[in-house]
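Everything below belongs to coords.cif, which stores mmCIF, C-alpha atoms.
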```cif
data_upload
loop_
_atom_site.label_atom_id
_atom_site.label_comp_id
_atom_site.auth_asym_id
_atom_site.auth_seq_id
_atom_site.Cartn_x
_atom_site.Cartn_y
_atom_site.Cartn_z
CA MET A 1271 86.30 161.05 34.67
CA SER A 1272 83.07 159.48 33.30
CA ASP A 1273 83.09 162.17 30.59
CA TRP A 1274 86.54 161.05 29.57
CA PHE A 1275 85.31 157.45 29.20
CA SER A 1276 82.09 158.26 27.38
CA LYS A 1277 83.80 160.55 24.85
CA ASN A 1278 84.85 158.44 21.84
CA PHE A 1279 84.19 155.27 23.87
CA TRP A 1280 84.13 152.95 20.84
CA LEU A 1281 87.29 154.48 19.43
CA LYS A 1282 89.03 153.91 22.77
CA LEU A 1283 87.80 150.33 22.92
CA VAL A 1284 88.94 149.57 19.35
CA ALA A 1285 92.29 151.20 20.11
CA PHE A 1286 92.65 149.04 23.23
CA ILE A 1287 91.89 145.80 21.36
CA LEU A 1288 94.35 146.77 18.63
CA ALA A 1289 96.96 147.69 21.24
CA VAL A 1290 96.70 144.25 22.91
CA ILE A 1291 96.93 142.51 19.50
CA VAL A 1292 99.94 144.62 18.42
CA TRP A 1293 101.67 144.15 21.77
CA SER A 1294 101.20 140.36 21.85
CA TYR A 1295 102.28 140.05 18.20
CA ALA A 1296 105.39 142.17 18.84
CA ARG A 1297 106.21 140.14 21.95
CA GLN A 1298 105.85 136.88 20.06
CA GLU A 1299 108.10 138.18 17.27
CA LEU A 1300 110.62 139.37 19.85
CA LYS A 1301 110.66 135.95 21.54
CA ASN A 1302 111.41 134.31 18.20
CA THR A 1303 114.28 136.68 17.52
CA PRO A 1304 117.59 134.82 17.88
CA GLY A 1305 119.75 136.25 20.64
CA TYR A 1306 116.85 137.88 22.52
CA LYS A 1307 116.75 137.03 26.21
CA ALA A 1308 113.42 137.63 27.86
CA GLU A 1309 113.32 138.83 31.45
CA LYS A 1310 112.13 135.58 32.97
CA ALA A 1311 113.00 135.93 36.63
CA ALA A 1312 110.92 138.12 38.85
CA TYR A 1313 112.53 141.29 40.12
CA ASN A 1314 114.78 140.79 43.16
CA GLU A 1315 114.41 137.02 43.03
CA THR A 1316 117.48 135.21 44.28
CA PRO A 1317 118.30 131.74 42.96
CA THR A 1318 117.25 129.09 45.46
CA GLU A 1319 119.69 126.44 44.30
CA ILE A 1320 123.33 127.11 43.71
CA PRO A 1321 124.77 124.55 41.31
CA GLN A 1322 127.42 122.46 42.99
CA LYS A 1323 130.37 120.89 41.29
CA MET B 332 95.99 132.96 27.72
CA LEU B 333 96.63 135.95 29.95
CA GLU B 334 99.46 134.11 31.66
CA GLU B 335 101.03 133.46 28.31
CA PHE B 336 100.77 137.17 27.48
CA PHE B 337 102.40 138.38 30.62
CA ASP B 338 104.69 135.46 31.40
CA LEU B 339 103.26 135.51 34.88
CA SER B 340 103.61 131.82 35.59
CA GLN B 341 107.00 132.61 37.13
CA ALA B 342 105.43 134.71 39.84
CA LYS B 343 105.00 132.93 43.17
CA THR B 344 103.60 135.67 45.38
CA PRO B 345 101.07 138.45 44.59
CA MET B 346 103.84 141.02 45.05
CA GLN B 347 105.95 139.34 42.36
CA LEU B 348 102.89 139.27 40.13
CA VAL B 349 102.45 143.05 40.47
CA ILE B 350 106.15 143.67 39.85
CA MET B 351 106.13 141.49 36.72
CA ALA B 352 102.86 142.84 35.35
CA TRP B 353 103.58 146.58 35.48
CA LYS B 354 105.84 146.63 32.43
CA PRO B 355 103.36 145.01 30.00
CA VAL B 356 100.58 147.22 31.37
CA ILE B 357 102.63 150.36 30.71
CA GLU B 358 103.69 149.06 27.28
CA ILE B 359 100.09 148.31 26.28
CA GLY B 360 99.04 151.70 27.66
CA ILE B 361 101.59 153.51 25.48
CA ILE B 362 100.59 151.53 22.36
CA TRP B 363 96.90 152.16 23.15
CA TYR B 364 97.50 155.93 23.40
CA ILE B 365 99.38 156.04 20.07
CA ILE B 366 96.70 153.98 18.27
CA TYR B 367 93.88 156.01 19.84
CA LYS B 368 95.44 159.32 18.79
CA LEU B 369 96.02 157.92 15.30
CA LEU B 370 92.39 156.78 14.98
CA GLU B 371 91.14 160.08 16.39
CA PHE B 372 93.23 161.96 13.83
CA ILE B 373 92.16 159.73 10.92
CA LYS B 374 88.45 159.96 11.87
CA GLY B 375 87.87 163.36 10.29
CA THR B 376 89.99 162.93 7.17
CA ARG B 377 89.71 161.21 3.80
CA ALA B 378 92.03 158.51 5.18
CA VAL B 379 88.94 156.78 6.68
CA GLN B 380 87.79 155.56 3.27
CA VAL B 381 91.29 154.35 2.42
CA LEU B 382 91.53 152.61 5.80
CA ARG B 383 88.29 150.74 5.03
CA GLY B 384 89.81 149.65 1.71
CA ILE B 385 92.98 148.48 3.43
CA ILE B 386 90.95 146.45 5.96
CA ILE B 387 89.00 144.74 3.12
CA ILE B 388 92.25 143.91 1.29
CA ALA B 389 93.80 142.61 4.53
CA VAL B 390 90.80 140.31 5.08
CA ILE B 391 91.07 138.97 1.50
CA PHE B 392 94.82 138.48 2.02
CA PHE B 393 94.16 136.55 5.23
CA LEU B 394 91.58 134.33 3.48
CA THR B 395 93.92 133.58 0.55
CA GLN B 396 96.60 132.61 3.05
CA GLN B 397 94.25 130.26 4.89
CA LEU B 398 92.94 128.71 1.66
CA ARG B 399 96.52 128.45 0.31
CA PHE B 400 95.94 130.35 -2.95
CA ASP B 401 99.67 130.69 -3.49
CA VAL B 402 99.64 132.79 -6.68
CA ILE B 403 97.17 135.33 -5.30
CA ASN B 404 99.13 135.33 -2.08
CA TRP B 405 102.35 136.10 -3.96
CA ILE B 406 100.69 138.98 -5.84
CA PHE B 407 99.36 140.43 -2.58
CA THR B 408 102.78 140.18 -0.93
CA LYS B 409 104.37 142.12 -3.80
CA LEU B 410 101.54 144.66 -3.77
CA PHE B 411 101.92 145.28 -0.03
CA ALA B 412 105.58 146.21 -0.48
CA LEU B 413 104.59 148.78 -3.11
CA SER B 414 101.60 150.03 -1.15
CA VAL B 415 103.84 151.25 1.69
CA ILE B 416 105.50 153.73 -0.70
CA ALA B 417 102.11 154.62 -2.24
CA PHE B 418 100.68 155.21 1.24
CA LEU B 419 103.51 157.61 2.11
CA ILE B 420 102.96 159.59 -1.11
CA VAL B 421 99.14 159.69 -0.95
CA PHE B 422 98.95 160.64 2.71
CA GLN B 423 101.88 163.01 2.80
CA PRO B 424 99.66 166.07 3.66
CA GLU B 425 97.82 164.18 6.43
CA MET B 426 101.06 162.88 7.91
CA ARG B 427 102.63 166.32 7.77
CA SER B 428 99.71 167.95 9.60
CA GLY B 429 99.54 165.03 12.06
CA LEU B 430 103.20 165.34 12.97
CA ALA B 431 102.84 169.11 13.22
CA ARG B 432 99.90 168.58 15.59
CA ILE B 433 102.00 166.31 17.81
CA GLY B 434 104.73 168.93 17.86
CA ARG B 435 102.39 171.68 18.96
CA GLU B 436 100.62 169.83 21.79
CA LYS B 437 99.98 172.40 24.48
CA VAL B 438 102.77 172.31 27.02
CA PHE B 439 102.97 175.86 28.28
CA GLY B 440 99.33 176.86 27.76
CA ASN B 441 97.92 179.37 25.33
CA ILE B 442 99.84 181.99 23.46
CA ILE B 443 99.47 185.52 24.64
CA THR B 444 97.63 187.67 22.14
CA GLU B 445 96.85 191.30 22.76
CA GLU B 446 93.36 191.91 24.13
CA ARG B 447 93.16 194.87 21.76
CA THR B 448 93.68 192.57 18.74
CA ILE B 449 90.67 190.49 19.74
CA ASP B 450 88.53 193.62 20.24
CA GLU B 451 89.52 195.11 16.88
CA ILE B 452 88.85 191.84 15.03
CA ALA B 453 85.47 191.43 16.76
CA LYS B 454 84.52 195.04 15.98
CA SER B 455 85.52 194.72 12.33
CA VAL B 456 83.92 191.32 11.84
CA SER B 457 80.57 192.39 13.31
CA ILE B 458 80.44 195.37 10.89
CA LEU B 459 81.39 193.14 7.93
CA ALA B 460 78.77 190.55 8.96
CA ARG B 461 76.05 193.21 9.15
CA LYS B 462 76.95 194.42 5.64
CA LYS B 463 77.35 190.82 4.38
CA ILE B 464 80.91 191.37 3.21
CA GLY B 465 82.98 188.18 3.04
CA ALA B 466 86.16 188.07 5.11
CA ILE B 467 88.77 185.62 6.36
CA ILE B 468 91.25 186.55 9.09
CA ALA B 469 93.94 184.11 10.20
CA ILE B 470 95.49 184.73 13.62
CA GLN B 471 98.98 183.31 13.93
CA ARG B 472 99.93 181.37 17.03
CA GLU B 473 103.11 179.30 17.31
CA VAL B 474 103.39 177.98 13.76
CA ASN B 475 104.84 180.61 11.45
CA LEU B 476 102.47 181.59 8.62
CA GLU B 477 105.23 183.08 6.50
CA PRO B 478 104.68 180.69 3.55
CA TYR B 479 101.14 182.07 3.29
CA THR B 480 102.08 185.72 3.81
CA GLU B 481 104.34 185.42 0.77
CA SER B 482 101.31 184.66 -1.41
CA GLY B 483 99.74 188.02 -0.48
CA VAL B 484 100.76 191.63 0.00
CA GLN B 485 102.95 192.44 3.01
CA LEU B 486 101.49 195.17 5.23
CA ASP B 487 102.96 195.01 8.76
CA SER B 488 100.68 197.67 10.20
CA VAL B 489 99.01 198.13 13.56
CA ILE B 490 95.66 196.36 13.68
CA THR B 491 92.52 198.51 13.63
CA SER B 492 88.96 197.61 12.73
CA GLU B 493 88.96 200.38 10.10
CA LEU B 494 91.98 198.85 8.36
CA LEU B 495 90.39 195.38 8.32
CA ASN B 496 87.10 196.78 6.98
CA THR B 497 88.94 198.64 4.23
CA ILE B 498 90.89 195.55 3.20
CA PHE B 499 87.72 193.48 2.77
CA MET B 500 85.77 196.18 0.95
CA PRO B 501 84.54 194.65 -2.35
CA ASN B 502 86.18 195.70 -5.63
CA THR B 503 89.44 196.66 -3.94
CA PRO B 504 92.72 194.89 -4.84
CA LEU B 505 93.21 193.15 -1.48
CA HIS B 506 89.66 192.05 -0.66
CA ASP B 507 89.88 188.68 -2.42
CA GLY B 508 92.10 186.71 -0.06
CA GLY B 509 92.89 186.22 3.61
CA VAL B 510 94.41 188.56 6.15
CA ILE B 511 97.11 187.31 8.51
CA VAL B 512 97.35 188.82 11.97
CA HIS B 513 100.21 188.28 14.39
CA GLY B 514 100.25 189.94 17.80
CA ASP B 515 98.81 193.40 17.32
CA ARG B 516 99.85 193.70 13.67
CA VAL B 517 98.26 192.94 10.34
CA VAL B 518 101.11 191.08 8.65
CA ALA B 519 99.68 190.61 5.15
CA ALA B 520 96.47 190.75 3.12
CA GLY B 521 95.22 189.04 -0.03
CA CYS B 522 96.86 185.77 1.06
CA LEU B 523 95.98 182.37 -0.35
CA PHE B 524 95.21 179.63 2.16
CA PRO B 525 95.18 175.85 1.47
CA LEU B 526 91.73 174.33 0.88
CA SER B 527 90.75 171.43 3.10
CA PRO B 528 90.28 168.17 1.17
CA SER B 529 87.91 166.81 3.84
CA PRO B 530 84.73 165.26 2.36
CA ASP B 531 82.82 165.98 5.58
CA ILE B 532 82.59 169.73 5.00
CA SER B 533 79.04 170.82 4.20
CA LYS B 534 78.36 171.67 0.56
CA LEU B 535 76.64 174.82 1.80
CA LEU B 536 80.00 176.25 2.85
CA GLY B 537 82.04 178.06 0.25
CA THR B 538 85.72 178.24 -0.58
CA ARG B 539 86.37 180.80 2.18
CA HIS B 540 85.24 178.40 4.92
CA ARG B 541 87.08 175.50 3.27
CA ALA B 542 90.25 177.61 3.24
CA ALA B 543 89.82 178.49 6.93
CA ILE B 544 89.44 174.81 7.82
CA GLY B 545 92.38 173.91 5.55
CA LEU B 546 94.72 176.44 7.15
CA THR B 547 93.78 175.41 10.69
CA GLU B 548 94.28 171.76 9.77
CA GLU B 549 97.83 172.43 8.62
CA THR B 550 98.81 175.00 11.26
CA ASP B 551 97.78 175.93 14.80
CA SER B 552 96.34 179.26 13.69
CA VAL B 553 92.78 180.39 14.39
CA CYS B 554 90.64 181.69 11.50
CA VAL B 555 87.67 184.03 11.73
CA VAL B 556 85.36 183.85 8.71
CA VAL B 557 82.44 186.01 7.62
CA SER B 558 80.13 184.46 5.05
CA GLU B 559 79.42 186.63 2.03
CA GLU B 560 76.01 185.00 1.42
CA THR B 561 74.60 184.92 4.95
CA GLY B 562 76.81 187.25 7.00
CA VAL B 563 77.33 184.44 9.53
CA ILE B 564 80.47 184.68 11.66
CA SER B 565 82.46 181.45 12.18
CA ILE B 566 85.70 180.43 13.85
CA ALA B 567 87.92 177.64 12.57
CA ASN B 568 90.35 175.99 14.96
CA ALA B 569 92.24 172.68 14.50
CA GLY B 570 90.17 171.89 11.40
CA LYS B 571 86.84 172.36 13.21
CA LEU B 572 84.37 175.11 12.38
CA THR B 573 82.17 176.82 14.99
CA ARG B 574 79.34 178.72 13.30
CA ASP B 575 76.68 181.32 14.08
CA LEU B 576 78.66 183.47 16.49
CA ASP B 577 77.59 186.92 17.62
CA ARG B 578 80.07 189.55 18.75
CA ASP B 579 80.15 188.53 22.42
CA ARG B 580 80.47 184.83 21.69
CA LEU B 581 83.20 185.59 19.16
CA ILE B 582 85.16 187.57 21.75
CA ASN B 583 84.76 184.84 24.38
CA HIS B 584 85.78 182.18 21.90
CA LEU B 585 88.84 184.10 20.73
CA ARG B 586 89.83 184.84 24.34
CA SER B 587 89.64 181.19 25.28
CA LEU B 588 91.77 180.24 22.27
CA LEU B 589 94.29 183.05 22.23
CA TYR B 590 94.40 185.14 25.31
CA ARG B 591 96.12 184.47 28.59
CA PRO B 592 96.39 187.50 30.86
CA LYS B 593 99.89 188.33 31.93
CA LYS B 594 100.46 187.57 35.60
CA GLU B 595 101.59 190.62 37.45
CA LYS B 596 104.85 189.87 39.16
CA LYS B 597 105.33 191.83 42.33
CA SER B 598 108.75 192.07 43.84
CA HIS B 599 109.30 191.64 47.59
CA VAL B 600 110.13 195.35 47.88
CA LYS B 601 106.87 196.32 46.15
CA LEU B 602 104.86 193.93 48.33
CA SER B 603 106.35 195.31 51.57
CA MET B 604 105.78 198.89 50.31
CA ASP B 605 102.13 198.03 49.63
CA ARG B 606 101.75 196.58 53.14
CA PHE B 607 103.43 199.65 54.66
CA PHE B 608 101.13 202.14 52.90
CA ARG B 609 98.05 200.02 53.71
CA LYS B 610 98.95 200.22 57.41
CA LYS B 611 99.41 204.01 57.20
CA THR B 612 95.99 204.52 55.65
#
```
Translate the structure of the given file into structure tokens.
Amino acid sequence: MSDWFSKNFWLKLVAFILAVIVWSYARQELKNTPGYKAEKAAYNETPTEIPQK
Amino acid sequence: MLEEFFDLSQAKTPMQLVIMAWKPVIEIGIIWYIIYKLLEFIKGTRAVQVLRGIIIIAVIFFLTQQLRFDVINWIFTKLFALSVIAFLIVFQPEMRSGLARIGREKVFGNIITEERTIDEIAKSVSILARKKIGAIIAIQREVNLEPYTESGVQLDSVITSELLNTIFMPNTPLHDGGVIVHGDRVVAAGCLFPLSPSPDISKLLGTRHRAAIGLTEETDSVCVVVSEETGVISIANAGKLTRDLDRDRLINHLRSLLYRPKKEKKSHVKLSMDRFFRKKT
């Protein structure tokens, strides 16, 4: 496992930084896209308040 | 900042946090793997220099945007649109070999090549190396080498060390070119292989080695090369050259790349027969 980390360590690190940048940029772009609904609620979360008429 | 990335402010319990965080983690992991493989692939090619150029231009573009140099900015924007097409044209060979490499990622292990083929190649190559006769032998794996066999003379004969030695004998019609081997057959001789454009290849290596690297960059074949000047035996695989091999190391190397012994399948009947006879004796 340590071999896997040490081999091309800098390349892996650069790739990781780029991946985070690309992901956050893509997410930001996606949020700004009209019509896109982000998954806001946590999985299996039931609404606590039911709107009453 | 992290909360903004993952939208984790919604989570109220640690369990919810884990559930909400797994998707971004997997997404980043996938993007990381793609970028890492891309960088790893680019590392050994001429694309590195171009990548450096692109980074410098991107930095200048960023600065002009910040300093609000609108005209320069406009020119850069137009140039970027054109550069996408230029990039596709200039790096067409690299992209082709990269995509081919993705397609041939090992899924089912190595390809079975006859043990006899390896022995005959090793025998021939060691004789050629001793006599300092140049040779290049490409061993086909999954990717079909037919486009290259067409550039030479079709043979389709059973592989023997004598045949290989005769082909590479100087001043004969077929000696100046590569031999393609598939299974236990010599498919063609006098074939032309693509030269690698990599700037990292040592100037001490000749066209034969460059061709071996070039072919293994574009296909999944394995190339055995004998240097005409030094008699050194080398193996090229996936664009990488391993030099200074003796006969035993060559055989071991070829076995590890090409050979997977067939597993003997014994039927239930055969197994019970074996047990029966073992008891009798």
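Separating CA of Gly514 in chain B from CA of Gln471 in chain B is a distance of 7.8 Å.
Residues of chain A lying within 6 Å of chain B, counting only C-alpha atoms, are Ala1285, Phe1286 and Ala1289 of chain A.
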> Given the file above and the PyMOL selection byres ((chain B and resi 568-583) around 9), which residues are selected, and can you give them as a PyMOL selection string?
Replying inline: chain B and resi 375+432+449-450+452-454+456-457+527+540+543-555+563-567+584-588
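Take CA of Val421 in chain B and CA of Phe372 in chain B: the distance between them is 16.1 Å.
Between CA of Glu1299 in chain A and CA of Thr344 in chain B the interatomic distance comes to 28.6 Å.
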>> List as number ranges by chain the protein and nucleic acid residues near Ala519 in chain B, meaning an atom at most 8 Å away when all atoms listed in the file are counted, but skip any in the same chain fewer than 2 places from it.
In response: B: 480, 483-487, 510-512, 517, 521-522
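Contact shell of range 389-393 of chain B at 7 Å (only C-alpha atoms; same-chain neighbours under 3 positions omitted): B:Ile385, B:Ile386, B:Gln396, B:Gln397, B:Asn404, B:Phe407.
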Just write the chosen residues, C-alpha atoms, as a compact mmCIF listing (two decimals), in the frame of the given file.
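Resulting contents of result-v6.txt:
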```
# COMPACT_ATOMS: atom_id res chain seq x y z
CA ILE B 385 92.98 148.48 3.43
CA ILE B 386 90.95 146.45 5.96
CA GLN B 396 96.60 132.61 3.05
CA GLN B 397 94.25 130.26 4.89
CA ASN B 404 99.13 135.33 -2.08
CA PHE B 407 99.36 140.43 -2.58
```
Would you pick out the contacts of Phe422 in chain B at 10 Å or less, using all atoms listed in the file, so that residues sharing its chain but fewer than 5 positions from it are not included, and give the list as a short mmCIF file (atom, residue, chain, number, x, y, z; two decimals) with C-alpha atoms, in the frame of the given file?
```cif
data_model
loop_
_atom_site.label_atom_id
_atom_site.label_comp_id
_atom_site.auth_asym_id
_atom_site.auth_seq_id
_atom_site.Cartn_x
_atom_site.Cartn_y
_atom_site.Cartn_z
CA ARG B 377 89.71 161.21 3.80
CA ALA B 378 92.03 158.51 5.18
CA VAL B 381 91.29 154.35 2.42
CA ALA B 417 102.11 154.62 -2.24
CA ARG B 427 102.63 166.32 7.77
#
```
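This file gives the following result for the PyMOL selection byres ((chain B and resi 501) around 12): Leu459, Lys462, Lys463, Ile464, Gly465, Ala466, Asn496, Thr497, Ile498, Phe499, Met500, Asn502, Thr503, Pro504, Leu505, His506, Asp507, Gly508 and Glu559 of chain B.
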Would you kindly translate the PyMOL selection byres ((chain B and resi 477-479) around 7) into the concrete residues it picks from this file, as a PDB file with C-alpha atoms, keeping the file's coordinate frame?
```pdb
ATOM      1  CA  ASN B 475     104.840 180.610  11.450  1.00  0.00           C
ATOM      2  CA  LEU B 476     102.470 181.590   8.620  1.00  0.00           C
ATOM      3  CA  THR B 480     102.080 185.720   3.810  1.00  0.00           C
ATOM      4  CA  GLU B 481     104.340 185.420   0.770  1.00  0.00           C
ATOM      5  CA  SER B 482     101.310 184.660  -1.410  1.00  0.00           C
ATOM      6  CA  CYS B 522      96.860 185.770   1.060  1.00  0.00           C
ATOM      7  CA  LEU B 523      95.980 182.370  -0.350  1.00  0.00           C
ATOM      8  CA  PHE B 524      95.210 179.630   2.160  1.00  0.00           C
TER       9      PHE B 524
END
```
